[in-house]
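Asker: Quick one: the structure is below, and I'll ask about it shortly.
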Amino acid sequence: MSTDVEGLWKKLQAAKDSKSLLKKHLTEAKFNALKGKKTSMGGTLADCIRSGCENTDSGVGIYACDPEGYTVFADVLDEVIKDYHKVDKLNHPEPKFGDITKLGFGDLDPSGNMIVSTRVRVGRSHANFGFPGVIKAEDRKEMERISVEALKTLTGDLAGTYYPLEGMTEATQKQLTDDHFLFNDSDRFLKAAGGYNDWPIGRGIFFNKNKTFLTWVNEEDHLRFISMQKGGNLGEVYARLVTAIEKLQEKLTFAKRKGLGYLTFCPSNLGTTLRASVHIKIPKLSQTPEFKEFCDKHHLQARGIHGEHTESVGGVYDISNKHRLGLTEFDAVQEMRRGVEAVIKEETKLQGKK
Ligand code: ADP
Ligand code: DAR
């Protein structure tokens, strides 16, 4: 793995067919202006671009080294962010989750014929810790301790237990991952960005009794708050997540920046950091040549059922909102809801049903 920034730059320059946003926006002038800069945590341009230079087939290709990296390396990160999120200005609104007692939406598939399960997640970063590429093992452990202390204060339906990966049997890890609860350590882009440094130190998963509220500690982001359940009741899943976020933000300070919203390791997740998804059976729509165009039109992203960069199985796809920046949390989940309703309508039409 290249450690020096000049070696990384040469790899990127040599990849003539790379279509990453890093390749597009890191000009030679910007490279020369940024290559000697460091954040107060010691984060460098090399820490930000390593993954995209080692994996020139990346879509984005750059991560922030730490929260301050979004300022120190703004010359390239701002352009990547505007391009990925399709915004002209970085003026992300203040958080707005809506009134969970009157959301105006509930179960998107009361028949239960199409939606297998629903999940809504956000990412959060502790304000005073580096991101995976720069953080030391002892700091990751301290961040885990702080996170678990806050999670243990959750009560009622949200109350649960933390399970560190250190000491977890392979069989338990496999079962939790197969059941879509736990993260895996097989993402080559994340690996190259330092996402698995000192693995599995400081990593773990918290979940409540029913496994409907979970928290990932130190996967790609410092924290991922996740609400999920079988079926299509987006209203219930979203309301549970908002309740948990409001409780946890009383105990923890999250990294935010005016114009960018909540800060995350990858710039693709900034802002609301919210991804609302359904695992949905769409055997007809997914086989049409227009499937990608249909998803784009409705600002949706299609993934396989075991996470990013995986395949669909049996016509079941992970369909979620693509927009995370430049809109509120409530807008993002509404956009996903409208998109999923359009998917259900189209699939029903293609199946020749009313
Ligand atoms: P994220 O970036 O939102 O964490 P990933 O694509 O990495 O999402 O998926 C993480 C895990 O969450 C995977 O195991 C995936 O199968 C699971 N998952 C995502 N959406 C759903 C859903 N709607 N229902 C059940 N599991 C889901
Ligand atoms: N390494 C990234 C993945 C971008 C979005 N996904 C995240 N952050 N999990 C790339 O393809 O460049």
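In the structure tokens, each chain is lettered A, B, ... as it comes, each chain's residues begin at 1, and ligands are numbered from 1 in order of appearance.
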Do you know which residues are at most 12 Å from stretch 313-320 of chain A counting only C-alpha atoms, after dropping those on the same chain fewer than 4 positions away, and could you put them as a ChimeraX atom specification?
Answerer: /A:113-121,180,234,274-288,291-292,294-296,298-309,324,332-344,347
Asker: Please write out the residues within 7 Å of ligand 2 as a list of chain:residue names, counting only C-alpha atoms and all ligand atoms.
Answerer: A:Ser20, A:Ser51, A:Gly52, A:Ser58, A:Gly59, A:Val60, A:Gly61, A:Ile62, A:Phe189, A:Leu190, A:Cys266, A:Ser268, A:Asn269, A:Glu308
Asker: Keeping only N, CA, C and O atoms, write the selected residues as a PDB file, in the first residue's frame.
Answerer:
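Result file is part_32.pdb:
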ATOM      1  N   SER A  20     -13.641   8.162 -11.153  1.00  0.00           N
ATOM      2  CA  SER A  20     -13.976   8.597  -9.796  1.00  0.00           C
ATOM      3  C   SER A  20     -14.068  10.116  -9.702  1.00  0.00           C
ATOM      4  O   SER A  20     -13.462  10.852 -10.501  1.00  0.00           O
ATOM      5  N   SER A  51      -7.476   5.520  -0.703  1.00  0.00           N
ATOM      6  CA  SER A  51      -8.397   4.493  -1.207  1.00  0.00           C
ATOM      7  C   SER A  51      -8.666   4.675  -2.710  1.00  0.00           C
ATOM      8  O   SER A  51      -8.648   3.722  -3.479  1.00  0.00           O
ATOM      9  N   GLY A  52      -8.893   5.931  -3.092  1.00  0.00           N
ATOM     10  CA  GLY A  52      -9.217   6.194  -4.502  1.00  0.00           C
ATOM     11  C   GLY A  52      -8.035   6.020  -5.424  1.00  0.00           C
ATOM     12  O   GLY A  52      -8.203   5.808  -6.629  1.00  0.00           O
ATOM     13  N   SER A  58     -13.016   3.338  -8.021  1.00  0.00           N
ATOM     14  CA  SER A  58     -13.936   3.938  -7.039  1.00  0.00           C
ATOM     15  C   SER A  58     -14.945   4.848  -7.722  1.00  0.00           C
ATOM     16  O   SER A  58     -14.666   5.406  -8.783  1.00  0.00           O
ATOM     17  N   GLY A  59     -16.080   5.017  -7.079  1.00  0.00           N
ATOM     18  CA  GLY A  59     -17.063   5.984  -7.577  1.00  0.00           C
ATOM     19  C   GLY A  59     -16.739   7.362  -7.038  1.00  0.00           C
ATOM     20  O   GLY A  59     -16.692   8.353  -7.738  1.00  0.00           O
ATOM     21  N   VAL A  60     -16.451   7.456  -5.764  1.00  0.00           N
ATOM     22  CA  VAL A  60     -16.118   8.728  -5.122  1.00  0.00           C
ATOM     23  C   VAL A  60     -14.597   8.859  -5.033  1.00  0.00           C
ATOM     24  O   VAL A  60     -13.996   9.731  -5.616  1.00  0.00           O
ATOM     25  N   GLY A  61     -13.926   7.983  -4.297  1.00  0.00           N
ATOM     26  CA  GLY A  61     -12.460   7.903  -4.326  1.00  0.00           C
ATOM     27  C   GLY A  61     -11.762   8.700  -3.252  1.00  0.00           C
ATOM     28  O   GLY A  61     -10.538   8.648  -3.126  1.00  0.00           O
ATOM     29  N   ILE A  62     -12.517   9.467  -2.458  1.00  0.00           N
ATOM     30  CA  ILE A  62     -11.877  10.267  -1.408  1.00  0.00           C
ATOM     31  C   ILE A  62     -12.695  10.180  -0.128  1.00  0.00           C
ATOM     32  O   ILE A  62     -13.929  10.070  -0.183  1.00  0.00           O
ATOM     33  N   PHE A 189     -12.658  -0.823  -0.644  1.00  0.00           N
ATOM     34  CA  PHE A 189     -12.484   0.633  -0.656  1.00  0.00           C
ATOM     35  C   PHE A 189     -12.243   1.138   0.768  1.00  0.00           C
ATOM     36  O   PHE A 189     -11.354   1.945   1.024  1.00  0.00           O
ATOM     37  N   LEU A 190     -13.066   0.623   1.680  1.00  0.00           N
ATOM     38  CA  LEU A 190     -12.955   1.023   3.085  1.00  0.00           C
ATOM     39  C   LEU A 190     -11.630   0.516   3.669  1.00  0.00           C
ATOM     40  O   LEU A 190     -10.959   1.225   4.417  1.00  0.00           O
ATOM     41  N   CYS A 266     -16.995   9.307   4.849  1.00  0.00           N
ATOM     42  CA  CYS A 266     -17.105   9.435   3.392  1.00  0.00           C
ATOM     43  C   CYS A 266     -17.975  10.649   3.049  1.00  0.00           C
ATOM     44  O   CYS A 266     -19.067  10.798   3.614  1.00  0.00           O
ATOM     45  N   SER A 268     -19.886  11.032   0.737  1.00  0.00           N
ATOM     46  CA  SER A 268     -21.184  10.651   0.141  1.00  0.00           C
ATOM     47  C   SER A 268     -22.279  10.556   1.196  1.00  0.00           C
ATOM     48  O   SER A 268     -23.459  10.491   0.851  1.00  0.00           O
ATOM     49  N   ASN A 269     -21.900  10.550   2.468  1.00  0.00           N
ATOM     50  CA  ASN A 269     -22.905  10.368   3.526  1.00  0.00           C
ATOM     51  C   ASN A 269     -23.181  11.624   4.323  1.00  0.00           C
ATOM     52  O   ASN A 269     -23.966  11.592   5.270  1.00  0.00           O
ATOM     53  N   GLU A 308     -23.727  -2.607   0.312  1.00  0.00           N
ATOM     54  CA  GLU A 308     -23.129  -1.956  -0.852  1.00  0.00           C
ATOM     55  C   GLU A 308     -22.185  -2.916  -1.579  1.00  0.00           C
ATOM     56  O   GLU A 308     -21.551  -3.755  -0.944  1.00  0.00           O
TER      57      GLU A 308
END
Asker: Find the residues around A:Leu182 up to 7 Å (only C-alpha atoms counted), leave out those fewer than 3 positions away in its own chain, and share them as a list in words.
Answerer: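 Contacts, with the query itself left out: Leu176, Thr177 and Ile205 of chain A.
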Asker: Quick one: residues within 10 Å of A:Gly36, only C-alpha atoms, excluding same-chain residues fewer than 2 positions away - as a list in words?
Answerer: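 Everything that qualifies: Val5, Phe31, Asn32, Ala33, Leu34, Lys38, Thr44, Leu45 and Ala46 of chain A.
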Asker: Between A:Lys11, A:Lys82, A:Lys19, A:Lys136, which is the closest to A:Gly259 once you count only C-alpha atoms?
Answerer: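 Closest to A:Gly259 of all the choices is A:Lys82.
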Asker: Find the residues near stretch 192-203 of chain A: any atom within 6 Å, counting only C-alpha atoms, skip ones fewer than 5 places away on the same chain, and give them as a list of chain:residue names.
Answerer: A:Ser51, A:Pro132, A:Gly133, A:Arg140, A:Lys141, A:Glu144, A:Pro164, A:Leu165, A:Glu166, A:Val217, A:Asn218, A:Glu220
Asker: Keeping only N, CA and C atoms, write the selected residues as a CSV table (one decimal), in the first residue's frame.
Answerer:
chain,number,residue,atom,x,y,z
A,51,SER,N,-7.5,5.5,-0.7
A,51,SER,CA,-8.4,4.5,-1.2
A,51,SER,C,-8.7,4.7,-2.7
A,132,PRO,N,-11.3,6.8,10.4
A,132,PRO,CA,-10.5,5.5,10.4
A,132,PRO,C,-9.1,5.5,9.9
A,133,GLY,N,-8.8,6.4,9.0
A,133,GLY,CA,-7.4,6.4,8.4
A,133,GLY,C,-6.4,6.9,9.3
A,140,ARG,N,-9.6,4.8,19.4
A,140,ARG,CA,-10.8,4.1,19.0
A,140,ARG,C,-11.5,3.4,20.2
A,141,LYS,N,-10.6,2.8,21.1
A,141,LYS,CA,-11.1,2.2,22.3
A,141,LYS,C,-11.8,3.2,23.2
A,144,GLU,N,-15.1,4.1,21.7
A,144,GLU,CA,-16.0,3.0,22.0
A,144,GLU,C,-16.6,3.1,23.4
A,164,PRO,N,-19.0,-6.2,21.9
A,164,PRO,CA,-17.8,-5.9,21.2
A,164,PRO,C,-17.4,-7.0,20.2
A,165,LEU,N,-16.8,-6.7,19.1
A,165,LEU,CA,-16.4,-7.7,18.2
A,165,LEU,C,-15.2,-8.5,18.8
A,166,GLU,N,-14.4,-7.8,19.6
A,166,GLU,CA,-13.3,-8.5,20.3
A,166,GLU,C,-13.9,-9.5,21.2
A,217,VAL,N,-20.7,0.5,16.2
A,217,VAL,CA,-19.6,1.4,16.7
A,217,VAL,C,-18.3,1.1,15.9
A,218,ASN,N,-17.8,2.2,15.3
A,218,ASN,CA,-16.5,2.1,14.6
A,218,ASN,C,-16.5,1.1,13.4
A,220,GLU,N,-17.6,1.9,9.3
A,220,GLU,CA,-17.0,3.0,8.4
A,220,GLU,C,-17.1,4.4,9.2
Asker: Based on the backbone DSSP call, show me all residues of stretch 220-295 of chain A assigned strand (DSSP E), as a PyMOL selection string.
Answerer: chain A and resi 223-230+256-257+261-262+275-281
Asker: Restrict the selected residues to all heavy atoms and save them as a compact mmCIF listing (two decimals), in the first residue's frame.
Answerer:
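To be explicit, this is the file written out as part-v4.txt:
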# COMPACT_ATOMS: atom_id res chain seq x y z
N LEU A 223 -20.16 6.13 14.47
CA LEU A 223 -21.43 5.55 14.92
C LEU A 223 -22.41 5.46 13.76
O LEU A 223 -22.42 6.34 12.88
CB LEU A 223 -22.07 6.45 16.00
CG LEU A 223 -21.33 6.55 17.33
CD1 LEU A 223 -21.85 7.74 18.13
CD2 LEU A 223 -21.48 5.25 18.13
N ARG A 224 -23.16 4.38 13.68
CA ARG A 224 -24.31 4.31 12.79
C ARG A 224 -25.51 3.95 13.65
O ARG A 224 -25.48 2.91 14.31
CB ARG A 224 -24.11 3.26 11.69
CG ARG A 224 -23.11 3.63 10.59
CD ARG A 224 -23.70 4.57 9.56
NE ARG A 224 -22.73 5.00 8.56
CZ ARG A 224 -22.51 4.36 7.40
NH1 ARG A 224 -23.17 3.24 7.13
NH2 ARG A 224 -21.63 4.85 6.53
N PHE A 225 -26.51 4.81 13.73
CA PHE A 225 -27.74 4.52 14.45
C PHE A 225 -28.74 3.93 13.45
O PHE A 225 -28.98 4.53 12.39
CB PHE A 225 -28.32 5.80 15.07
CG PHE A 225 -27.40 6.45 16.08
CD1 PHE A 225 -27.27 7.83 16.11
CD2 PHE A 225 -26.67 5.69 16.99
CE1 PHE A 225 -26.42 8.44 17.03
CE2 PHE A 225 -25.83 6.28 17.93
CZ PHE A 225 -25.70 7.66 17.94
N ILE A 226 -29.27 2.78 13.76
CA ILE A 226 -30.09 2.02 12.79
C ILE A 226 -31.40 1.57 13.42
O ILE A 226 -31.41 1.01 14.52
CB ILE A 226 -29.33 0.74 12.34
CG1 ILE A 226 -27.99 1.10 11.69
CG2 ILE A 226 -30.19 -0.11 11.40
CD1 ILE A 226 -27.00 -0.06 11.67
N SER A 227 -32.50 1.85 12.71
CA SER A 227 -33.80 1.30 13.11
C SER A 227 -34.27 0.40 11.97
O SER A 227 -34.13 0.78 10.79
CB SER A 227 -34.81 2.43 13.34
OG SER A 227 -36.11 1.91 13.61
N MET A 228 -34.73 -0.79 12.27
CA MET A 228 -35.14 -1.69 11.20
C MET A 228 -36.13 -2.74 11.70
O MET A 228 -36.19 -3.03 12.90
CB MET A 228 -33.94 -2.40 10.57
CG MET A 228 -33.16 -3.31 11.49
SD MET A 228 -31.54 -3.78 10.82
CE MET A 228 -32.01 -4.89 9.50
N GLN A 229 -36.94 -3.25 10.80
CA GLN A 229 -37.90 -4.29 11.15
C GLN A 229 -38.42 -4.97 9.89
O GLN A 229 -38.31 -4.40 8.79
CB GLN A 229 -39.08 -3.76 11.96
CG GLN A 229 -39.96 -2.77 11.25
CD GLN A 229 -40.92 -2.05 12.20
OE1 GLN A 229 -40.53 -1.53 13.23
NE2 GLN A 229 -42.21 -2.03 11.83
N LYS A 230 -39.01 -6.14 10.04
CA LYS A 230 -39.64 -6.83 8.91
C LYS A 230 -40.84 -6.02 8.43
O LYS A 230 -41.43 -5.26 9.22
CB LYS A 230 -40.13 -8.23 9.35
CG LYS A 230 -38.99 -9.18 9.75
CD LYS A 230 -38.18 -9.58 8.55
CE LYS A 230 -37.08 -10.60 8.91
NZ LYS A 230 -36.03 -10.62 7.87
N LYS A 256 -20.26 18.46 13.30
CA LYS A 256 -21.14 19.13 12.31
C LYS A 256 -20.36 20.32 11.76
O LYS A 256 -19.44 20.83 12.39
CB LYS A 256 -22.39 19.72 13.01
CG LYS A 256 -23.57 18.81 13.09
CD LYS A 256 -24.71 19.51 13.84
CE LYS A 256 -25.57 20.33 12.90
NZ LYS A 256 -26.57 21.12 13.59
N ARG A 257 -20.72 20.77 10.54
CA ARG A 257 -20.14 22.00 10.02
C ARG A 257 -21.17 22.76 9.24
O ARG A 257 -21.94 22.14 8.49
CB ARG A 257 -18.93 21.71 9.12
CG ARG A 257 -17.87 22.83 9.20
CD ARG A 257 -16.86 22.74 8.10
NE ARG A 257 -17.45 23.18 6.82
CZ ARG A 257 -16.78 23.15 5.67
NH1 ARG A 257 -15.56 22.68 5.63
NH2 ARG A 257 -17.33 23.56 4.56
N GLY A 261 -23.69 20.05 7.34
CA GLY A 261 -24.47 19.21 8.25
C GLY A 261 -23.57 18.29 9.05
O GLY A 261 -22.42 18.63 9.36
N TYR A 262 -24.08 17.08 9.34
CA TYR A 262 -23.28 16.13 10.13
C TYR A 262 -22.14 15.59 9.27
O TYR A 262 -22.33 15.27 8.10
CB TYR A 262 -24.17 14.99 10.63
CG TYR A 262 -25.12 15.44 11.72
CD1 TYR A 262 -26.46 15.66 11.45
CD2 TYR A 262 -24.64 15.72 12.99
CE1 TYR A 262 -27.32 16.11 12.44
CE2 TYR A 262 -25.50 16.17 14.00
CZ TYR A 262 -26.83 16.37 13.71
OH TYR A 262 -27.67 16.83 14.69
N ARG A 275 -29.92 7.18 5.31
CA ARG A 275 -30.28 6.27 4.23
C ARG A 275 -31.46 5.43 4.70
O ARG A 275 -31.36 4.70 5.67
CB ARG A 275 -29.12 5.35 3.86
CG ARG A 275 -29.39 4.52 2.61
CD ARG A 275 -28.14 3.78 2.13
NE ARG A 275 -28.05 2.47 2.70
CZ ARG A 275 -28.63 1.39 2.14
NH1 ARG A 275 -29.35 1.50 1.04
NH2 ARG A 275 -28.49 0.20 2.69
N ALA A 276 -32.58 5.61 4.01
CA ALA A 276 -33.79 4.85 4.32
C ALA A 276 -33.95 3.82 3.20
O ALA A 276 -33.94 4.16 2.02
CB ALA A 276 -34.99 5.77 4.37
N SER A 277 -34.05 2.55 3.56
CA SER A 277 -34.09 1.50 2.52
C SER A 277 -35.17 0.47 2.80
O SER A 277 -35.55 0.24 3.95
CB SER A 277 -32.74 0.79 2.47
OG SER A 277 -32.51 0.17 3.73
N VAL A 278 -35.63 -0.13 1.71
CA VAL A 278 -36.49 -1.31 1.81
C VAL A 278 -35.80 -2.45 1.07
O VAL A 278 -35.12 -2.21 0.06
CB VAL A 278 -37.90 -1.08 1.21
CG1 VAL A 278 -38.73 -0.17 2.09
CG2 VAL A 278 -37.83 -0.56 -0.21
N HIS A 279 -35.93 -3.66 1.57
CA HIS A 279 -35.61 -4.84 0.78
C HIS A 279 -36.93 -5.21 0.14
O HIS A 279 -37.90 -5.49 0.83
CB HIS A 279 -35.08 -5.98 1.66
CG HIS A 279 -33.63 -5.85 1.96
ND1 HIS A 279 -32.93 -6.79 2.70
CD2 HIS A 279 -32.74 -4.89 1.65
CE1 HIS A 279 -31.66 -6.43 2.80
NE2 HIS A 279 -31.52 -5.28 2.18
N ILE A 280 -36.98 -5.10 -1.18
CA ILE A 280 -38.26 -5.21 -1.88
C ILE A 280 -38.16 -6.18 -3.06
O ILE A 280 -37.14 -6.20 -3.76
CB ILE A 280 -38.73 -3.80 -2.34
CG1 ILE A 280 -40.13 -3.85 -2.95
CG2 ILE A 280 -37.72 -3.16 -3.27
CD1 ILE A 280 -40.76 -2.46 -3.12
N LYS A 281 -39.23 -6.99 -3.27
CA LYS A 281 -39.25 -7.97 -4.36
C LYS A 281 -39.74 -7.27 -5.63
O LYS A 281 -40.91 -6.90 -5.72
CB LYS A 281 -40.22 -9.11 -4.02
CG LYS A 281 -39.86 -9.91 -2.78
CD LYS A 281 -40.99 -10.88 -2.45
CE LYS A 281 -40.86 -11.43 -1.03
NZ LYS A 281 -42.14 -12.03 -0.55
Asker: Rank A:Val122, A:Ile81, A:Leu151, A:Ala64 by their smallest atom-to-atom distance to ligand 1, using only C-alpha atoms and all ligand atoms, and report the top residue only.
Answerer: A:Val122
Asker: May I ask which of the residues A:Leu77, A:Ala29, A:Ala244, A:Leu252 is the closest one to A:Leu90, counting only C-alpha atoms?
Answerer: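 The answer is A:Leu77, which sits nearest to A:Leu90.
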Asker: Just checking: using only C-alpha atoms, which residue out of A:Leu263, A:Cys53, A:Val134, A:Leu154 ends up closest to A:Pro67?
Answerer: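 Once distances to A:Pro67 are computed over only C-alpha atoms, the minimum belongs to A:Leu263.
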Asker: Using only C-alpha atoms, which of the listed residues (A:Arg50, A:His25, A:Lys322, A:Lys345) sits closest to A:Asp78?
Answerer: A:His25
Asker: Hey, what does DSSP flag as helix (DSSP H, G or I) within stretch 83-307 of chain A? Can you give it to me as a PyMOL selection string?
Answerer: chain A and resi 83-85+137-151+156-158+170-178+188-192+234-248+267-269+285-287+291-297
Asker: Which is closest to ligand 1 among A:Cys65, A:Leu248, A:Val237, A:Leu350, if we use only C-alpha atoms and all ligand atoms?
Answerer: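 Ranked by minimum distance to ligand 1, first place goes to A:Val237.
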Asker: To one decimal place in Å, what is the distance between atom 19 (C, counted along the ligand's line) of ligand 1 and atom CA of A:Ser18?
Answerer: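 It comes out at 27.7 Å.
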Asker: Residues near A:Lys209, anyone? I mean within 10 Å using only C-alpha atoms, not counting same-chain ones fewer than 4 positions away, as a list in words.
Answerer: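 Residues meeting the cut-off are Asp157, Leu158, Ala159, Gly160, Thr161, Phe213 and Leu214 of chain A.
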Asker: Atom CA of A:Asn91 to atom CA of A:Lys258: how many Å, to one decimal?
Answerer: 7.3 Å
Asker: Fewer than 5 positions away in the same chain doesn't count, so skip those; otherwise give me all residues within 12 Å of A:Thr27, counting only C-alpha atoms, as a VMD selection string.
Answerer: chain A and resid 9 12 to 13 21 to 22 32 to 35 75 to 77 79 to 80
